[in-house]
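K.L.:
What follows is coords15.cif; its format and atoms are mmCIF, C-alpha atoms.
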data_coords
#
loop_
_atom_site.group_PDB
_atom_site.id
_atom_site.type_symbol
_atom_site.label_atom_id
_atom_site.label_comp_id
_atom_site.auth_asym_id
_atom_site.auth_seq_id
_atom_site.Cartn_x
_atom_site.Cartn_y
_atom_site.Cartn_z
ATOM 1 C CA MET A 1 0.000 0.000 0.000
ATOM 2 C CA SER A 2 1.378 3.405 -0.891
ATOM 3 C CA ALA A 3 1.818 6.146 1.682
ATOM 4 C CA LEU A 4 -0.991 8.078 0.012
ATOM 5 C CA SER A 5 -3.512 5.268 0.240
ATOM 6 C CA ILE A 6 -2.624 4.685 3.902
ATOM 7 C CA ALA A 7 -3.207 8.396 4.564
ATOM 8 C CA VAL A 8 -6.557 8.247 2.788
ATOM 9 C CA THR A 9 -7.539 5.195 4.849
ATOM 10 C CA LEU A 10 -6.603 6.774 8.192
ATOM 11 C CA PHE A 11 -7.784 10.285 7.319
ATOM 12 C CA PRO A 12 -10.645 10.031 4.821
ATOM 13 C CA ARG A 13 -11.575 13.687 5.378
ATOM 14 C CA GLY A 14 -7.987 14.971 5.210
ATOM 15 C CA ILE A 15 -6.255 16.594 8.164
ATOM 16 C CA ASP A 16 -6.197 20.335 7.417
ATOM 17 C CA HIS A 17 -9.383 21.393 9.209
ATOM 18 C CA TYR A 18 -8.612 19.097 12.138
ATOM 19 C CA LEU A 19 -5.162 20.611 12.637
ATOM 20 C CA VAL A 20 -6.197 24.246 12.083
ATOM 21 C CA GLY A 21 -9.216 23.824 14.369
ATOM 22 C CA GLY A 22 -6.999 22.254 17.025
ATOM 23 C CA LEU A 23 -4.570 25.186 16.859
ATOM 24 C CA PHE A 24 -7.482 27.570 17.507
ATOM 25 C CA VAL A 25 -8.710 25.396 20.402
ATOM 26 C CA GLY A 26 -5.270 25.675 21.996
ATOM 27 C CA LEU A 27 -4.966 29.370 21.171
ATOM 28 C CA GLY A 28 -8.151 30.102 23.123
ATOM 29 C CA ILE A 29 -6.793 28.333 26.203
ATOM 30 C CA SER A 30 -3.389 30.002 25.747
ATOM 31 C CA VAL A 31 -4.749 33.565 25.503
ATOM 32 C CA ILE A 32 -6.504 33.206 28.859
ATOM 33 C CA TYR A 33 -3.516 31.425 30.402
ATOM 34 C CA LEU A 34 -0.945 34.019 29.336
ATOM 35 C CA GLY A 35 -3.085 36.860 30.676
ATOM 36 C CA THR A 36 -4.237 35.271 33.924
ATOM 37 C CA GLY A 37 -2.195 32.147 34.668
ATOM 38 C CA ILE A 38 -5.418 30.101 34.587
ATOM 39 C CA LEU A 39 -5.659 26.938 32.471
ATOM 40 C CA ALA A 40 -9.405 27.078 31.810
ATOM 41 C CA GLY A 41 -11.159 23.721 31.527
ATOM 42 C CA ASN A 42 -14.707 23.095 30.392
ATOM 43 C CA SER A 43 -16.250 20.648 32.856
ATOM 44 C CA THR A 44 -15.726 22.752 36.002
ATOM 45 C CA PHE A 45 -18.384 25.079 34.516
ATOM 46 C CA LEU A 46 -21.006 22.391 35.207
ATOM 47 C CA GLU A 47 -20.441 22.465 38.976
ATOM 48 C CA THR A 48 -19.759 26.184 39.298
ATOM 49 C CA THR A 49 -23.027 26.887 37.458
ATOM 50 C CA LEU A 50 -24.917 24.457 39.699
ATOM 51 C CA SER A 51 -23.709 26.589 42.643
ATOM 52 C CA TYR A 52 -26.180 29.310 41.558
ATOM 53 C CA ALA A 53 -29.079 26.926 42.153
ATOM 54 C CA SER A 54 -27.953 24.281 44.674
ATOM 55 C CA ASP A 55 -26.823 24.556 48.290
ATOM 56 C CA LEU A 56 -24.878 21.286 48.165
ATOM 57 C CA PRO A 57 -21.530 21.929 49.875
ATOM 58 C CA ARG A 58 -19.654 20.404 46.951
ATOM 59 C CA PHE A 59 -20.869 23.216 44.674
ATOM 60 C CA GLN A 60 -20.593 26.003 47.270
ATOM 61 C CA ARG A 61 -16.826 25.640 47.654
ATOM 62 C CA GLU A 62 -15.133 29.023 47.536
ATOM 63 C CA LYS A 63 -13.103 28.280 44.423
ATOM 64 C CA TYR A 64 -16.330 27.438 42.587
ATOM 65 C CA VAL A 65 -18.339 30.428 43.768
ATOM 66 C CA THR A 66 -15.530 32.894 42.990
ATOM 67 C CA SER A 67 -14.972 31.552 39.469
ATOM 68 C CA ARG A 68 -18.562 30.870 38.463
ATOM 69 C CA ASP A 69 -19.184 34.202 36.721
ATOM 70 C CA TRP A 70 -16.211 34.104 34.392
ATOM 71 C CA ARG A 71 -16.848 30.419 33.658
ATOM 72 C CA VAL A 72 -20.352 31.312 32.426
ATOM 73 C CA VAL A 73 -18.796 34.047 30.269
ATOM 74 C CA PHE A 74 -16.284 31.500 28.933
ATOM 75 C CA ALA A 75 -18.993 28.954 28.038
ATOM 76 C CA VAL A 76 -21.226 31.553 26.360
ATOM 77 C CA SER A 77 -18.207 32.788 24.379
ATOM 78 C CA ILE A 78 -17.502 29.227 23.233
ATOM 79 C CA VAL A 79 -21.077 29.003 21.919
ATOM 80 C CA ALA A 80 -20.623 32.377 20.179
ATOM 81 C CA GLY A 81 -17.246 31.441 18.684
ATOM 82 C CA ALA A 82 -18.700 28.240 17.244
ATOM 83 C CA ALA A 83 -21.662 30.212 15.857
ATOM 84 C CA ILE A 84 -19.303 32.694 14.190
ATOM 85 C CA TYR A 85 -17.525 29.855 12.399
ATOM 86 C CA GLU A 86 -20.636 27.954 11.413
ATOM 87 C CA PHE A 87 -22.667 30.852 10.113
ATOM 88 C CA ALA A 88 -19.876 33.015 8.669
ATOM 89 C CA PHE A 89 -17.964 30.195 6.975
ATOM 90 C CA THR A 90 -20.456 27.441 6.204
ATOM 91 C CA ALA A 91 -23.721 29.441 6.283
ATOM 92 C CA ASP A 92 -25.509 26.314 7.389
ATOM 93 C CA ALA A 93 -26.569 24.846 10.723
ATOM 94 C CA PHE A 94 -25.636 21.300 11.703
ATOM 95 C CA VAL A 95 -28.098 19.056 13.529
ATOM 96 C CA THR A 96 -26.912 15.694 14.810
ATOM 97 C CA GLU A 97 -28.749 12.482 14.034
ATOM 98 C CA VAL A 98 -27.302 10.644 17.037
ATOM 99 C CA GLN A 99 -30.241 9.253 18.992
ATOM 100 C CA TRP A 100 -31.547 11.226 21.963
ATOM 101 C CA TRP A 101 -30.950 8.465 24.512
ATOM 102 C CA ARG A 102 -27.300 8.217 23.493
ATOM 103 C CA LEU A 103 -26.902 11.997 23.924
ATOM 104 C CA LEU A 104 -28.711 12.082 27.275
ATOM 105 C CA GLY A 105 -27.233 8.881 28.716
ATOM 106 C CA GLY A 106 -23.747 9.697 27.444
ATOM 107 C CA GLY A 107 -24.053 13.245 28.755
ATOM 108 C CA ILE A 108 -24.941 11.974 32.244
ATOM 109 C CA LEU A 109 -21.918 9.644 32.298
ATOM 110 C CA VAL A 110 -19.638 12.422 31.017
ATOM 111 C CA GLY A 111 -20.998 14.780 33.705
ATOM 112 C CA ILE A 112 -20.267 12.224 36.427
ATOM 113 C CA GLY A 113 -16.931 11.022 35.057
ATOM 114 C CA THR A 114 -15.344 14.380 34.297
ATOM 115 C CA ARG A 115 -16.190 15.760 37.728
ATOM 116 C CA ILE A 116 -15.033 12.683 39.633
ATOM 117 C CA GLY A 117 -11.928 12.438 37.452
ATOM 118 C CA LYS A 118 -11.026 16.139 37.838
ATOM 119 C CA GLY A 119 -11.209 17.141 34.192
ATOM 120 C CA CYS A 120 -12.294 16.488 30.636
ATOM 121 C CA THR A 121 -10.929 16.671 27.100
ATOM 122 C CA SER A 122 -9.746 20.251 27.624
ATOM 123 C CA GLY A 123 -8.493 20.100 31.221
ATOM 124 C CA HIS A 124 -6.757 16.721 31.071
ATOM 125 C CA GLY A 125 -6.630 16.205 27.282
ATOM 126 C CA VAL A 126 -5.181 19.559 26.276
ATOM 127 C CA SER A 127 -3.827 21.440 29.327
ATOM 128 C CA GLY A 128 -2.810 18.347 31.299
ATOM 129 C CA VAL A 129 -1.092 16.669 28.358
ATOM 130 C CA ALA A 130 0.572 20.000 27.467
ATOM 131 C CA SER A 131 1.883 20.093 31.060
ATOM 132 C CA LEU A 132 3.112 16.480 30.680
ATOM 133 C CA SER A 133 1.112 15.708 33.834
ATOM 134 C CA ARG A 134 1.206 11.992 34.608
ATOM 135 C CA THR A 135 -2.231 12.189 36.231
ATOM 136 C CA SER A 136 -3.686 13.670 33.063
ATOM 137 C CA ILE A 137 -1.906 11.280 30.707
ATOM 138 C CA VAL A 138 -3.266 8.268 32.635
ATOM 139 C CA ASN A 139 -6.770 9.769 32.669
ATOM 140 C CA VAL A 140 -6.655 10.553 28.925
ATOM 141 C CA ALA A 141 -5.383 7.084 27.997
ATOM 142 C CA LEU A 142 -8.226 5.573 30.032
ATOM 143 C CA PHE A 143 -11.037 7.723 28.700
ATOM 144 C CA ILE A 144 -9.953 7.341 25.070
ATOM 145 C CA GLY A 145 -9.514 3.577 25.452
ATOM 146 C CA VAL A 146 -12.883 3.083 27.143
ATOM 147 C CA ALA A 147 -14.581 5.426 24.659
ATOM 148 C CA VAL A 148 -13.211 3.480 21.676
ATOM 149 C CA ALA A 149 -14.386 0.202 23.209
ATOM 150 C CA THR A 150 -17.827 1.647 24.012
ATOM 151 C CA ALA A 151 -18.323 3.198 20.571
ATOM 152 C CA LEU A 152 -17.277 -0.041 18.843
ATOM 153 C CA ILE A 153 -19.626 -2.141 21.008
ATOM 154 C CA VAL A 154 -22.541 0.221 20.357
ATOM 155 C CA ALA A 155 -21.815 0.061 16.612
ATOM 156 C CA VAL A 156 -21.592 -3.758 16.668
ATOM 157 C CA LEU A 157 -24.979 -3.855 18.414
ATOM 158 C CA GLY A 158 -26.330 -2.160 15.294
ATOM 159 C CA VAL A 159 -27.134 1.260 16.749
ATOM 160 C CA THR A 160 -26.704 3.925 14.054
ATOM 161 C CA PRO A 161 -26.044 6.637 14.643
ATOM 162 C CA MET B 1 -20.229 40.363 39.609
ATOM 163 C CA SER B 2 -17.876 38.353 41.784
ATOM 164 C CA ASP B 3 -14.987 38.214 39.334
ATOM 165 C CA ASP B 4 -12.331 37.971 42.063
ATOM 166 C CA GLY B 5 -11.899 41.732 41.691
ATOM 167 C CA ARG B 6 -10.114 41.040 38.451
ATOM 168 C CA GLY B 7 -12.101 43.513 36.436
ATOM 169 C CA LEU B 8 -13.102 44.205 32.878
ATOM 170 C CA LEU B 9 -9.830 43.300 31.200
ATOM 171 C CA PHE B 10 -9.967 39.849 32.809
ATOM 172 C CA MET B 11 -13.469 39.289 31.434
ATOM 173 C CA ALA B 12 -12.488 40.632 27.998
ATOM 174 C CA LEU B 13 -9.681 38.076 27.843
ATOM 175 C CA VAL B 14 -12.058 35.275 28.883
ATOM 176 C CA VAL B 15 -14.400 36.327 26.058
ATOM 177 C CA ALA B 16 -11.546 36.401 23.523
ATOM 178 C CA GLY B 17 -10.280 33.010 24.664
ATOM 179 C CA GLY B 18 -13.767 31.511 24.634
ATOM 180 C CA LEU B 19 -14.452 32.819 21.116
ATOM 181 C CA LEU B 20 -11.197 31.319 19.787
ATOM 182 C CA HIS B 21 -11.784 28.043 21.641
ATOM 183 C CA GLY B 22 -15.348 27.714 20.329
ATOM 184 C CA PHE B 23 -14.320 28.771 16.823
ATOM 185 C CA GLY B 24 -11.703 26.010 16.842
ATOM 186 C CA LEU B 25 -14.134 23.374 18.090
ATOM 187 C CA ALA B 26 -16.517 24.225 15.237
ATOM 188 C CA TYR B 27 -13.753 24.573 12.608
ATOM 189 C CA SER B 28 -12.295 21.178 13.564
ATOM 190 C CA ARG B 29 -15.797 19.550 13.346
ATOM 191 C CA MET B 30 -15.305 18.248 16.891
ATOM 192 C CA ALA B 31 -18.605 19.963 17.755
ATOM 193 C CA ARG B 32 -20.304 17.303 15.603
ATOM 194 C CA PRO B 33 -20.890 14.058 17.557
ATOM 195 C CA GLU B 34 -20.808 12.059 14.304
ATOM 196 C CA ILE B 35 -17.187 13.103 13.669
ATOM 197 C CA VAL B 36 -16.165 12.128 17.211
ATOM 198 C CA LEU B 37 -17.932 8.761 16.892
ATOM 199 C CA ASP B 38 -16.149 8.123 13.564
ATOM 200 C CA PHE B 39 -12.864 8.660 15.406
ATOM 201 C CA LEU B 40 -13.866 6.395 18.282
ATOM 202 C CA GLN B 41 -15.021 3.708 15.811
ATOM 203 C CA LEU B 42 -11.522 3.954 14.270
ATOM 204 C CA GLU B 43 -12.813 5.174 10.915
ATOM 205 C CA ASP B 44 -11.174 8.631 10.852
ATOM 206 C CA PHE B 45 -8.155 9.444 13.037
ATOM 207 C CA GLY B 46 -8.270 13.172 12.296
ATOM 208 C CA LEU B 47 -9.296 14.032 15.868
ATOM 209 C CA LEU B 48 -5.749 13.203 16.954
ATOM 210 C CA PHE B 49 -4.698 16.380 15.131
ATOM 211 C CA VAL B 50 -7.284 18.452 16.995
ATOM 212 C CA MET B 51 -6.084 17.310 20.401
ATOM 213 C CA GLY B 52 -2.434 17.263 19.303
ATOM 214 C CA GLY B 53 -2.594 20.743 17.751
ATOM 215 C CA ALA B 54 -4.346 22.157 20.804
ATOM 216 C CA ALA B 55 -1.862 20.536 23.210
ATOM 217 C CA LEU B 56 1.061 21.788 21.106
ATOM 218 C CA VAL B 57 -0.069 25.437 21.224
ATOM 219 C CA THR B 58 -0.959 25.201 24.916
ATOM 220 C CA GLY B 59 2.380 23.533 25.662
ATOM 221 C CA LEU B 60 4.214 26.424 24.005
ATOM 222 C CA ALA B 61 2.181 28.908 26.068
ATOM 223 C CA ILE B 62 3.041 27.011 29.266
ATOM 224 C CA GLN B 63 6.754 27.027 28.364
ATOM 225 C CA LEU B 64 6.584 30.748 27.565
ATOM 226 C CA GLY B 65 4.803 31.502 30.823
ATOM 227 C CA THR B 66 6.770 29.342 33.239
ATOM 228 C CA ARG B 67 10.230 29.928 31.749
ATOM 229 C CA ILE B 68 10.187 33.477 30.417
ATOM 230 C CA ILE B 69 7.312 35.688 31.634
ATOM 231 C CA LYS B 70 7.035 34.063 35.101
ATOM 232 C CA THR B 71 4.081 36.115 36.426
ATOM 233 C CA ALA B 72 0.654 36.597 34.799
ATOM 234 C CA PRO B 73 0.014 40.315 34.128
ATOM 235 C CA LEU B 74 -3.700 40.415 35.020
ATOM 236 C CA THR B 75 -3.614 38.400 38.238
ATOM 237 C CA GLY B 76 -0.044 38.563 39.445
ATOM 238 C CA THR B 77 -0.007 34.784 39.941
ATOM 239 C CA ARG B 78 2.966 32.677 38.952
ATOM 240 C CA TYR B 79 2.475 30.481 35.900
ATOM 241 C CA THR B 80 2.330 26.747 36.512
ATOM 242 C CA GLY B 81 1.457 23.735 34.433
ATOM 243 C CA ARG B 82 -1.619 21.671 35.222
ATOM 244 C CA GLU B 83 -0.894 19.020 37.834
ATOM 245 C CA LYS B 84 -3.820 17.379 39.629
ATOM 246 C CA GLY B 85 -3.195 14.866 42.371
ATOM 247 C CA PHE B 86 -3.364 11.228 41.334
ATOM 248 C CA ASP B 87 -5.833 9.011 43.184
ATOM 249 C CA ARG B 88 -8.466 6.359 42.581
ATOM 250 C CA ASN B 89 -10.960 9.002 41.399
ATOM 251 C CA VAL B 90 -8.767 9.818 38.402
ATOM 252 C CA ILE B 91 -9.145 6.172 37.302
ATOM 253 C CA ILE B 92 -12.873 5.828 38.052
ATOM 254 C CA GLY B 93 -13.659 9.208 36.525
ATOM 255 C CA GLY B 94 -11.702 8.462 33.370
ATOM 256 C CA VAL B 95 -13.521 5.152 32.852
ATOM 257 C CA VAL B 96 -16.995 6.651 33.418
ATOM 258 C CA PHE B 97 -16.180 9.649 31.214
ATOM 259 C CA GLY B 98 -14.911 7.326 28.476
ATOM 260 C CA ALA B 99 -18.100 5.255 28.550
ATOM 261 C CA GLY B 100 -20.177 8.418 28.174
ATOM 262 C CA TRP B 101 -17.965 9.867 25.434
ATOM 263 C CA GLY B 102 -18.118 6.608 23.491
ATOM 264 C CA LEU B 103 -21.899 6.398 23.864
ATOM 265 C CA SER B 104 -22.657 9.996 22.827
ATOM 266 C CA GLY B 105 -19.647 11.445 21.000
ATOM 267 C CA VAL B 106 -19.999 14.500 23.237
ATOM 268 C CA CYS B 107 -17.536 16.017 25.709
ATOM 269 C CA PRO B 108 -18.254 19.223 27.649
ATOM 270 C CA GLY B 109 -16.502 21.853 25.502
ATOM 271 C CA ALA B 110 -17.610 20.315 22.222
ATOM 272 C CA GLY B 111 -21.133 20.121 23.650
ATOM 273 C CA TYR B 112 -21.259 23.876 24.313
ATOM 274 C CA ALA B 113 -19.776 24.610 20.887
ATOM 275 C CA SER B 114 -22.343 22.307 19.307
ATOM 276 C CA LEU B 115 -25.106 24.637 20.495
ATOM 277 C CA GLY B 116 -23.374 27.416 18.560
ATOM 278 C CA ILE B 117 -23.479 25.518 15.269
ATOM 279 C CA GLY B 118 -27.249 25.266 15.596
ATOM 280 C CA ASN B 119 -27.329 21.701 16.870
ATOM 281 C CA TYR B 120 -30.368 22.098 19.114
ATOM 282 C CA ARG B 121 -30.591 18.330 19.709
ATOM 283 C CA ILE B 122 -27.320 18.593 21.691
ATOM 284 C CA LEU B 123 -29.487 19.991 24.515
ATOM 285 C CA TRP B 124 -30.170 16.339 25.395
ATOM 286 C CA ALA B 125 -26.454 15.953 26.098
ATOM 287 C CA VAL B 126 -26.052 19.313 27.853
ATOM 288 C CA ALA B 127 -28.967 18.416 30.154
ATOM 289 C CA GLY B 128 -27.223 15.089 30.794
ATOM 290 C CA LEU B 129 -23.945 16.855 31.678
ATOM 291 C CA PHE B 130 -25.687 18.900 34.381
ATOM 292 C CA ILE B 131 -27.648 15.902 35.678
ATOM 293 C CA GLY B 132 -24.427 13.894 35.931
ATOM 294 C CA ALA B 133 -22.498 16.696 37.625
ATOM 295 C CA TYR B 134 -25.357 17.149 40.105
ATOM 296 C CA ALA B 135 -25.583 13.394 40.764
ATOM 297 C CA GLN B 136 -21.894 13.160 41.699
ATOM 298 C CA GLY B 137 -22.313 16.171 44.011
ATOM 299 C CA LEU B 138 -25.164 14.356 45.775
ATOM 300 C CA TRP B 139 -23.141 11.159 45.937
ATOM 301 C CA ARG B 140 -20.218 12.968 47.566
ATOM 302 C CA VAL B 141 -22.539 14.345 50.288
ATOM 303 C CA HIS B 142 -23.943 10.866 50.910
ATOM 304 C CA ARG B 143 -20.476 9.302 51.046
ATOM 305 C CA ASN B 144 -19.145 11.957 53.406
ATOM 306 C CA SER B 145 -22.067 11.573 55.835
ATOM 307 C CA GLU B 146 -21.567 7.785 55.850
ATOM 308 C CA ALA B 147 -17.877 8.266 56.572
ATOM 309 C CA ARG B 148 -18.750 10.582 59.465
ATOM 310 C CA GLU B 149 -21.159 8.018 60.915
ATOM 311 C CA ARG B 150 -18.516 5.303 60.729
ATOM 312 C CA SER B 151 -15.919 7.448 62.473
ATOM 313 C CA ALA B 152 -18.302 8.807 65.141
ATOM 314 C CA PRO B 153 -17.339 7.216 68.491
ATOM 315 C CA GLY B 154 -19.808 5.466 70.767
ATOM 316 C CA ASP B 155 -22.830 4.987 68.480
#
Would you kindly transcribe this structure into structure tokens?

P.N.:
Amino acid sequence: MSALSIAVTLFPRGIDHYLVGGLFVGLGISVIYLGTGILAGNSTFLETTLSYASDLPRFQREKYVTSRDWRVVFAVSIVAGAAIYEFAFTADAFVTEVQWWRLLGGGILVGIGTRIGKGCTSGHGVSGVASLSRTSIVNVALFIGVAVATALIVAVLGVTP
Amino acid sequence: MSDDGRGLLFMALVVAGGLLHGFGLAYSRMARPEIVLDFLQLEDFGLLFVMGGAALVTGLAIQLGTRIIKTAPLTGTRYTGREKGFDRNVIIGGVVFGAGWGLSGVCPGAGYASLGIGNYRILWAVAGLFIGAYAQGLWRVHRNSEARERSAPGD
């Protein structure tokens, strides 16, 4: 097999938009980090936002209450940044066809797992790996491995998409 | 607003960073669960370049901060890398997160960005994220009260 056909097999959609998008993802984290020293993750927002509505001591911790406002601003800006790309560059909305129970059930597990495991794809996957943190590298290897196994099992069971 | 007294410039930077981050998640197609599931089903490995590219840029920023600039201008705090303590929760959390990611193709940041590309059905997943985060908060309260009962002397 030639190098080209291997590349087409592994990357049927090419790599350009993946790489460029990834650079922007990191740039967003880096801009905030260089100004403030904070490596902003995305899953902490879930708990800090719950602190507005719930008295549970877990959510009322000082570091959550003091960061909850800017984390809302960060999340809303992420939504806006994605909207700018989608509507300025593709002029078309995207609506997933993945079944509702997969989205809801998967979302619940991701909400539990990222908060127990101290981070998600951005906190552990980007900032943690960029810091060469052993904790993060172990967590990332686990969540990618389990996710691959889960997605393959669901596909084998005939669920599409 | 309780912004740690950090002020308008702090918030402006958070907005700029969030816009770039969300733009990248949409540009890379990671905001589309189908693309993530294709990666996890080993049909398109392109997502490695999203995570790799993002980690590369962030790694350079961390090197720049910790080695050259030393102190963050807006907060006066010293730059550090990200180092969370390793314990059993890191393992359990990673496994549960992986099961959810593999089932849905959604992670938190990509879920928020997905709203921005008009994917209203992602609200199922966003609702799930909050339900899950709330459930683990409840579970921690329950676990802590059990631990207190066990350690309470004489009853």

K.L.:
Please provide the set of residues having any atom within 12 Å of Ile153 in chain A, restricted to all atoms listed in the file, with same-chain residues fewer than 3 positions apart removed, written as number ranges by chain.

P.N.:
A: 146-150, 156-160; B: 37, 40-41, 99, 102-103

K.L.:
Run the PyMOL selection byres ((chain B and resi 70-75) around 8) mentally over the shown coordinates, then write out the matched residues as a PyMOL selection string, using the chain letters and numbers from the document.

P.N.:
(chain A and resi 33-37) or (chain B and resi 6+9-10+65-69+76-79)

K.L.:
With distances taken over all atoms listed in the file, which of A:Val76, A:Leu56, A:Ala130, A:Val138 is nearest to Trp139 in chain B?

P.N.:
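Among the listed residues, the smallest separation from Trp139 in chain B belongs to A:Leu56.
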
K.L.:
Residues within 8 Å of Gly93 in chain B, please, as a PyMOL selection string. Count all atoms listed in the file; anything in the same chain fewer than 6 positions from it doesn't count.

P.N.:
chain A and resi 112-118+139

K.L.:
What does the distance from CA of Phe23 in chain B to CA of Ala82 in chain A come to in Å, to one decimal?

P.N.:
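Distance between the two atoms: 4.4 Å.
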
K.L.:
Could you list the residues chosen by the PyMOL selection byres ((chain A and resi 83) around 10) in this structure as an MDAnalysis selection string?

P.N.:
(chainID A and resid 77:82 84:89 91 93) or (chainID B and resid 19 22:23 26 113:118)

K.L.:
Which one is closest to Glu83 in chain B: A:Gly106, A:Gly41, A:Gly128, A:Gly145? Count all atoms listed in the file.

P.N.:
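Among A:Gly106, A:Gly41, A:Gly128, A:Gly145, it is A:Gly128 that comes nearest to Glu83 in chain B.
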
K.L.:
Work out how far apart CA of Arg29 in chain B and CA of Ser104 in chain B are and give it in Å to one decimal.

P.N.:
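Between CA of Arg29 in chain B and CA of Ser104 in chain B the gap works out to 15.1 Å.
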
K.L.:
Skipping near chain neighbours, those fewer than 3 positions away, what residues fall within 7 Å of Ile108 in chain A using all atoms listed in the file, listed as a short mmCIF file (atom, residue, chain, number, x, y, z; two decimals) with C-alpha atoms, keeping the file's coordinate frame?

P.N.:
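Writing the result to result22.cif gives the following:
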data_model
loop_
_atom_site.label_atom_id
_atom_site.label_comp_id
_atom_site.auth_asym_id
_atom_site.auth_seq_id
_atom_site.Cartn_x
_atom_site.Cartn_y
_atom_site.Cartn_z
CA LEU A 104 -28.71 12.08 27.28
CA GLY A 105 -27.23 8.88 28.72
CA GLY A 111 -21.00 14.78 33.70
CA ILE A 112 -20.27 12.22 36.43
CA GLY B 128 -27.22 15.09 30.79
CA LEU B 129 -23.94 16.86 31.68
CA ILE B 131 -27.65 15.90 35.68
CA GLY B 132 -24.43 13.89 35.93
#

K.L.:
Tell me which residues the PyMOL selection byres ((chain B and resi 52-61) around 7) grabs here, as a compact mmCIF listing (two decimals) with C-alpha atoms, keeping the file's coordinate frame.

P.N.:
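Done, and the output landed in result_35.txt:
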# COMPACT_ATOMS: atom_id res chain seq x y z
CA LEU A 19 -5.16 20.61 12.64
CA GLY A 22 -7.00 22.25 17.02
CA LEU A 23 -4.57 25.19 16.86
CA VAL A 25 -8.71 25.40 20.40
CA GLY A 26 -5.27 25.68 22.00
CA LEU A 27 -4.97 29.37 21.17
CA ILE A 29 -6.79 28.33 26.20
CA SER A 30 -3.39 30.00 25.75
CA LEU A 34 -0.94 34.02 29.34
CA VAL A 126 -5.18 19.56 26.28
CA SER A 127 -3.83 21.44 29.33
CA VAL A 129 -1.09 16.67 28.36
CA ALA A 130 0.57 20.00 27.47
CA SER A 131 1.88 20.09 31.06
CA LEU B 48 -5.75 13.20 16.95
CA PHE B 49 -4.70 16.38 15.13
CA VAL B 50 -7.28 18.45 17.00
CA MET B 51 -6.08 17.31 20.40
CA ILE B 62 3.04 27.01 29.27
CA GLN B 63 6.75 27.03 28.36
CA LEU B 64 6.58 30.75 27.56
CA GLY B 65 4.80 31.50 30.82

K.L.:
Interatomic distance between CA of Trp70 in chain A and CA of Ser51 in chain A?

P.N.:
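So the two atoms, CA of Trp70 in chain A and CA of Ser51 in chain A, lie 13.4 Å apart.
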
K.L.:
Go through B:Arg143, B:Ala125, B:Leu8, B:Arg88 one by one, measure the shortest atom-to-atom distance of each to chain A using all atoms listed in the file, and give the residue with the smallest value.

P.N.:
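That would be B:Ala125, the residue with the smallest distance to chain A.
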
K.L.:
Could you tell me which of A:Ser5, A:Thr44, A:Leu103, A:Arg134 comes closest to chain B if we count only C-alpha atoms?

P.N.:
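When distances to chain B are compared using only C-alpha atoms, the smallest one comes from A:Leu103.
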
K.L.:
Show me, as a list in words, the residues that have an atom within 9 Å of Ala16 in chain B when counting all atoms listed in the file, minus same-chain residues fewer than 4 positions from it.

P.N.:
Gly28, Val31, Ile32, Phe74, Ser77 and Gly81 of chain A; Met11, Ala12, Leu20 and His21 of chain B

K.L.:
Go through A:Gln99, A:Ser2, A:Gln60, A:Asn42 and flag the residue nearest chain B, using only C-alpha atoms for the distances.

P.N.:
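With only C-alpha atoms as the atom set, the closest residue is A:Asn42.
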
K.L.:
Using all atoms listed in the file, which of B:Ile122, B:Glu149, B:Ile92, B:Gly105 sits nearest Leu47 in chain B?

P.N.:
B:Gly105
